[in-house]
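S.K.: I'd like to ask you about the structure that follows.
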Amino acid sequence: MWADNETEKDFLNFSGVADTVAEIIVQARGRPISIGVSGSWGIGKSSMIKLTQASLANRERKEGEKDFVFVEFNAWLYQGYDDARAALMDVIATKLEQEARARERGIDKAKALIKRVNWLRAMKLAAGSAIAMSMGLPPTGLIGEVWGLGQRFLGGSVDQKLIEDAKSKAGDVASAASGLLNPAEETSPPKEIQALRDNFEETLEELGVTLVVLIDDLDRCLPETTISTLEAIRLFLFLKNTAFVIAADNDMIKHAVRKHFEGVPDDLLVTNYFDKLIQVPIRVPPLGTQEVRAYMMLLYIENSNLKDEVKEKLRVGIIDQLRMTWQGARVDKAFVTGLHENVPADLIGRFDTAERLAPIMTTASGIVGNPRLIKRFLNALSIRMAISNAQGVGVDEAVLAKLLLFERLGSPLAYADLLKAVSQDDDGKPRFLKDWEEAATEGKELKLAAPWDDAFSKEWLALPPPLHDAKLMGALYVSREHAPLITPGDRLTTEAAELLTAMLTHPDMAAALVDKLARVSRIETSIIMDRLLERALQEQEWGVPDILEACLAVAKADPQQGLRLAAFLSDRPPAQITPGIVPKIGDQPWADGVFEKWKRTGVPLVVKRAIEKAEQ
């Protein structure tokens with residue numbers, strides 16, 4: 001298994017771009033600069049800024065060059081919990097105070113910077129609470145807690161706990177006031193903002209450092225958080241001896257700017273605003289087949305039992321070779337196994353898997369060389385192989401990989417055809433694929449009927465190994481969390497079995513099958529609901545999981561199954577229920593009983609409020 005985290009090790013041949021970003025920061029020579037590292041979700045932006053940080057940190061400092069101090073800020077983590085501007089300034093001020101103490105200089109200026117940031121935070125808190133109260137809403141934060149205590153006093157039920165709470169909050173207010181506001185000073189927001197800017201520059205100068213702020217996941221944020229973060233950079237922090245590296249999709253930032261200037265149709269304004277925020281846009285390069293193949297091999301190497309020094313030797317050799325691919329060099333199994341003697345046989349087998357899958361991983365519309373999606377695919381394959389080994393099924397990894405690829409990227413209806421053919425064949429073989437696979441392997445033109453008439457199916461049929469003569473019962477057995485194998489023992493007609501397979505494969509599309517479900521017998525809808533509820537037991541959170549759509553479709557086709565679904569939902573652990581499910585089932589004839597049971601069994605308060613709103 002591979003964690004979905006950024007890395008300081010280069011697995012994608014990004015070091016050259018990261019070194020370029022680092023050099024831009026160095027060549028700025030103290031002038032403020034903002035660099036946007038752009039690319040789609042999962043393409044490696046976070047890894048790119050990690051590599052940039054490593055490049056700067058490991059750089060041999062020349063005479064007269066300042067040290068670099070790094071601050072990592074993830075705006076998405078603060079969204080909904082804190083003001084992005086205040087959070088960013090707070091993180092930076094805290095980091096500079098730590099540096100001042102470590103370097104034993106600039107301590108007073110760093111403390112003053114924290115105090116000014118806190119002053120602005122306090123003003124934001126007071127303003128927010130005043131606005132809330134003017135609208136008839138309870139205030140928030142510390143002021144809100146004190147407000148709540150006052151409401152309890154006015155309610156007339158004064159007890160010892162209330163008195164203790166009041167004393168505690170009074171202490172909190174006094175502590176906050178002493179830390180945030182200095183009554184001896186006469187000040188105002190404009191004065192404090194300018195003083196903060198001056199204080200910030202003076203702190204960096206006294207410390208003798210260049211501050212490099214690495215901002216990640218900005219394209220995950222809502223537009224207001226994105227703009228708030230970027231404006232904090234321009235208004236408060238874009239000063240001498242600062243550099244900002246911002247990982248976000250350019251299109252998402254421009255979308256946030258458009259939302260910010262909603263009603264202004266001028267795209268030129270959006271472009272100009274963006275250019276002021278992001279001085280140097282750099283796009284993460286897309287991966288080609290060579291890079292995808294190398295990336296998959298490196299993931300397998302990382303997960304192997306090789307010694308760390310051998311893993312690093314292989315990584316360096318592969319990345320060096322990738323840099324020469326423009327001259328015709330190749331990264332393949334032969335090259336990698338030549339980098340180190342005695343590569344384990346099981347690892348060589350995984351290199352085979354990488355070579356087979358890399359071309360289609362690069363071009364398939366559902367993956368297109370995206371590193372995060374590739375890693376998720378390999379994780380899913382690893383899990384299924386572990387299940388196979390634990391249960392003694394003995395599945396060939398190459399066969400399982402090919403099936404998993406089709407399951408994830410192929411037509412759901414074509415996948416259902418495959419399941420049906422395997423379940424109805426005495427040996428569990430999809431013999432109907434024979435002519436297609438042979439023609440695809442030989443490069444002949446294929447004219448396939450729906451649902452197989454798409455480009456992906458043709459690529460997949462040519463992918464080794466051929467499956468038409470393979471016994472797939474075991475491979476499909478370990479894949480049953482996605483779509484179980486429906487056998488004659490389930491007492492379902494062909495039509496009902498196809499409906500069940502379709503709903504388990506793509507439960508989110510089950511609403512379109514209601515009319516067909518209504519035509520099958522009640523015995524069969526009962527069996528179908530059995531299998532759906534078996535799957536539903538795997539859910540750990542009941543908002544609107546896809547499997548709920550399938551269950552509701554069956555309940556609509558056969559009202560008796562609605563009562564079974566109601567009983568099932570009533571018995572879910574209260575902590576699993578979330579507010580999203582309330583409007584989803586609110587119009588069902590059995591919903592009132594479910595709501596009453598949930599209220600009695602202690603579902604979260606937000607769920608109870610959602611139920612009360614639905615019942616109005």
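Letters A, B, ... mark the chains of the structure tokens in the order given; residue numbers begin at 1 per chain; ligand numbers begin at 1, in order shown.
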Can you pull out every residue within 12 Å of range 363-369 of chain A, counting only C-alpha atoms, but drop anything in the same chain fewer than 4 positions away, and send it as number ranges by chain?
M.R.: A: 12, 40-44, 285-296, 357-359, 373-377, 405-411, 454-460
S.K.: Could you save those same residues with N, CA, C and O atoms as a compact mmCIF listing (two decimals), in the first residue's frame?
M.R.:
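What follows is the written file again_23.txt:
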# COMPACT_ATOMS: atom_id res chain seq x y z
N LEU A 12 8.92 11.56 -10.09
CA LEU A 12 8.23 11.98 -11.31
C LEU A 12 9.11 12.81 -12.24
O LEU A 12 8.61 13.42 -13.17
N SER A 40 -3.64 20.09 -12.56
CA SER A 40 -4.91 19.51 -12.16
C SER A 40 -4.78 18.73 -10.85
O SER A 40 -3.66 18.47 -10.38
N TRP A 41 -5.91 18.32 -10.29
CA TRP A 41 -5.95 17.57 -9.04
C TRP A 41 -5.12 16.29 -9.17
O TRP A 41 -5.25 15.55 -10.14
N GLY A 42 -4.26 16.05 -8.17
CA GLY A 42 -3.52 14.81 -8.13
C GLY A 42 -2.31 14.73 -9.04
O GLY A 42 -1.66 13.69 -9.12
N ILE A 43 -1.96 15.81 -9.73
CA ILE A 43 -0.89 15.76 -10.72
C ILE A 43 0.49 15.86 -10.09
O ILE A 43 1.50 15.55 -10.70
N GLY A 44 0.57 16.31 -8.82
CA GLY A 44 1.86 16.37 -8.14
C GLY A 44 2.29 17.77 -7.72
O GLY A 44 3.47 18.01 -7.50
N PRO A 285 4.39 19.60 -15.37
CA PRO A 285 4.31 18.92 -16.68
C PRO A 285 3.51 17.64 -16.60
O PRO A 285 3.61 16.88 -15.62
N PRO A 286 2.68 17.33 -17.61
CA PRO A 286 1.94 16.07 -17.63
C PRO A 286 2.90 14.90 -17.86
O PRO A 286 3.99 15.08 -18.42
N LEU A 287 2.50 13.72 -17.43
CA LEU A 287 3.35 12.54 -17.55
C LEU A 287 3.09 11.82 -18.86
O LEU A 287 1.94 11.63 -19.26
N GLY A 288 4.16 11.41 -19.52
CA GLY A 288 4.05 10.55 -20.69
C GLY A 288 4.20 9.10 -20.29
O GLY A 288 4.36 8.77 -19.11
N THR A 289 4.19 8.21 -21.27
CA THR A 289 4.27 6.77 -20.99
C THR A 289 5.55 6.41 -20.25
O THR A 289 5.53 5.60 -19.32
N GLN A 290 6.68 7.01 -20.64
CA GLN A 290 7.94 6.72 -19.96
C GLN A 290 7.86 7.09 -18.49
O GLN A 290 8.29 6.33 -17.61
N GLU A 291 7.33 8.28 -18.20
CA GLU A 291 7.24 8.73 -16.81
C GLU A 291 6.27 7.87 -16.00
O GLU A 291 6.53 7.55 -14.84
N VAL A 292 5.13 7.50 -16.61
CA VAL A 292 4.16 6.66 -15.91
C VAL A 292 4.77 5.30 -15.59
O VAL A 292 4.62 4.77 -14.47
N ARG A 293 5.46 4.71 -16.56
CA ARG A 293 6.09 3.40 -16.34
C ARG A 293 7.15 3.51 -15.23
O ARG A 293 7.21 2.65 -14.33
N ALA A 294 7.95 4.55 -15.29
CA ALA A 294 8.98 4.74 -14.26
C ALA A 294 8.35 4.96 -12.89
O ALA A 294 8.83 4.43 -11.88
N TYR A 295 7.28 5.75 -12.86
CA TYR A 295 6.60 6.04 -11.59
C TYR A 295 6.05 4.77 -10.96
O TYR A 295 6.22 4.53 -9.74
N MET A 296 5.41 3.92 -11.77
CA MET A 296 4.86 2.68 -11.24
C MET A 296 5.98 1.77 -10.74
O MET A 296 5.85 1.13 -9.68
N LEU A 357 0.70 -2.00 -18.08
CA LEU A 357 -0.35 -1.02 -17.77
C LEU A 357 0.01 0.41 -18.14
O LEU A 357 -0.88 1.24 -18.33
N ALA A 358 1.29 0.72 -18.22
CA ALA A 358 1.70 2.12 -18.41
C ALA A 358 1.07 2.79 -19.63
O ALA A 358 0.57 3.93 -19.53
N PRO A 359 1.05 2.15 -20.81
CA PRO A 359 0.46 2.85 -21.97
C PRO A 359 -1.00 3.23 -21.77
O PRO A 359 -1.41 4.34 -22.10
N LEU A 373 -4.20 9.04 -9.12
CA LEU A 373 -5.11 7.98 -9.57
C LEU A 373 -4.36 6.68 -9.83
O LEU A 373 -4.89 5.59 -9.59
N ILE A 374 -3.14 6.80 -10.34
CA ILE A 374 -2.32 5.60 -10.54
C ILE A 374 -2.06 4.92 -9.20
O ILE A 374 -2.19 3.70 -9.06
N LYS A 375 -1.71 5.71 -8.19
CA LYS A 375 -1.43 5.15 -6.87
C LYS A 375 -2.68 4.49 -6.29
O LYS A 375 -2.61 3.41 -5.69
N ARG A 376 -3.84 5.11 -6.48
CA ARG A 376 -5.09 4.52 -5.96
C ARG A 376 -5.40 3.21 -6.67
O ARG A 376 -5.88 2.26 -6.06
N PHE A 377 -5.13 3.18 -7.97
CA PHE A 377 -5.36 1.94 -8.71
C PHE A 377 -4.47 0.83 -8.17
O PHE A 377 -4.93 -0.30 -7.93
N LEU A 405 -8.81 -2.79 -14.11
CA LEU A 405 -8.74 -1.65 -15.03
C LEU A 405 -10.07 -1.48 -15.77
O LEU A 405 -10.58 -0.36 -15.91
N PHE A 406 -10.65 -2.61 -16.22
CA PHE A 406 -11.92 -2.51 -16.94
C PHE A 406 -13.06 -2.10 -16.00
O PHE A 406 -13.93 -1.31 -16.37
N GLU A 407 -13.01 -2.62 -14.78
CA GLU A 407 -14.03 -2.27 -13.80
C GLU A 407 -14.04 -0.78 -13.51
O GLU A 407 -15.10 -0.16 -13.37
N ARG A 408 -12.83 -0.19 -13.43
CA ARG A 408 -12.72 1.22 -13.08
C ARG A 408 -12.99 2.16 -14.25
O ARG A 408 -13.51 3.26 -14.07
N LEU A 409 -12.61 1.76 -15.46
CA LEU A 409 -12.63 2.70 -16.57
C LEU A 409 -13.56 2.31 -17.72
O LEU A 409 -13.85 3.14 -18.57
N GLY A 410 -13.99 1.05 -17.76
CA GLY A 410 -14.82 0.60 -18.87
C GLY A 410 -16.30 0.91 -18.68
O GLY A 410 -16.72 1.45 -17.65
N SER A 411 -17.08 0.56 -19.68
CA SER A 411 -18.53 0.76 -19.62
C SER A 411 -19.14 -0.16 -18.56
O SER A 411 -18.87 -1.37 -18.56
N ASP A 454 -16.37 1.53 -27.72
CA ASP A 454 -15.65 2.74 -27.34
C ASP A 454 -14.15 2.48 -27.44
O ASP A 454 -13.69 1.33 -27.51
N ALA A 455 -13.38 3.55 -27.44
CA ALA A 455 -11.93 3.44 -27.63
C ALA A 455 -11.26 2.66 -26.51
O ALA A 455 -10.33 1.88 -26.74
N PHE A 456 -11.75 2.86 -25.29
CA PHE A 456 -11.11 2.18 -24.17
C PHE A 456 -11.24 0.66 -24.30
O PHE A 456 -10.28 -0.07 -24.05
N SER A 457 -12.42 0.17 -24.66
CA SER A 457 -12.63 -1.27 -24.78
C SER A 457 -11.65 -1.88 -25.78
O SER A 457 -11.10 -2.96 -25.55
N LYS A 458 -11.41 -1.18 -26.87
CA LYS A 458 -10.48 -1.71 -27.89
C LYS A 458 -9.05 -1.74 -27.36
O LYS A 458 -8.31 -2.71 -27.59
N GLU A 459 -8.66 -0.70 -26.63
CA GLU A 459 -7.33 -0.71 -26.00
C GLU A 459 -7.22 -1.85 -24.99
O GLU A 459 -6.22 -2.54 -24.91
N TRP A 460 -8.27 -2.01 -24.21
CA TRP A 460 -8.27 -3.01 -23.14
C TRP A 460 -8.20 -4.43 -23.71
O TRP A 460 -7.49 -5.29 -23.18
S.K.: Can you tell me which residues surround range 216-223 of chain A at a distance of at most 8 Å, considering only C-alpha atoms, apart from same-chain residues fewer than 6 positions away, and format the answer as a list in words?
M.R.: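 Near neighbours after the sequence-gap exclusion: Ser46, Glu72, Phe73, Asn74, Ala75, Trp76, Gln79, Ile246, Ala247, Ala248, Asp249, Met252, Ile253, His255, Ala256, Val257, Lys259 and His260 of chain A.
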S.K.: Just the number, please: distance in Å from CA of Met385 in chain A to CA of Ala345 in chain A, one decimal.
M.R.: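 Separation of CA of Met385 in chain A and CA of Ala345 in chain A: 16.9 Å.
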S.K.: Apply DSSP to the backbone of this structure and, from range 360-466 of chain A, keep only the residues in alpha helix (DSSP H); write these as a PyMOL selection string.
M.R.: chain A and resi 360-363+371-390+397-409+412-424+434-441+455-462
S.K.: One decimal, Å: what's the distance from CA of Asp558 in chain A over to CA of His506 in chain A, could you say?
M.R.: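 Between CA of Asp558 in chain A and CA of His506 in chain A the gap works out to 20.0 Å.
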S.K.: Range 608-613 of chain A: which residues within 9 Å, counting only C-alpha atoms, same-chain residues fewer than 2 positions away excluded, as a list in words?
M.R.: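 Counting only C-alpha atoms, the residues come to Pro579, Gly580, Val582, Pro583, Gly586, Phe595, Trp598, Lys599, Gly602, Val603, Pro604, Leu605, Val606, Glu615 and Gln616 of chain A.
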S.K.: Counting only C-alpha atoms, give me one row per residue of range 394-417 of chain A with an atom at most 10 Å from an atom of range 496-500 of chain A, showing the shortest contact pair and its distance in Å to one decimal, sorted by chain then residue number, as CSV.
M.R.:
residue,atom,partner,partner_atom,distance
A:Leu413,CA,A:Glu498,CA,9.3
A:Ala416,CA,A:Glu498,CA,7.0
A:Asp417,CA,A:Glu498,CA,8.6
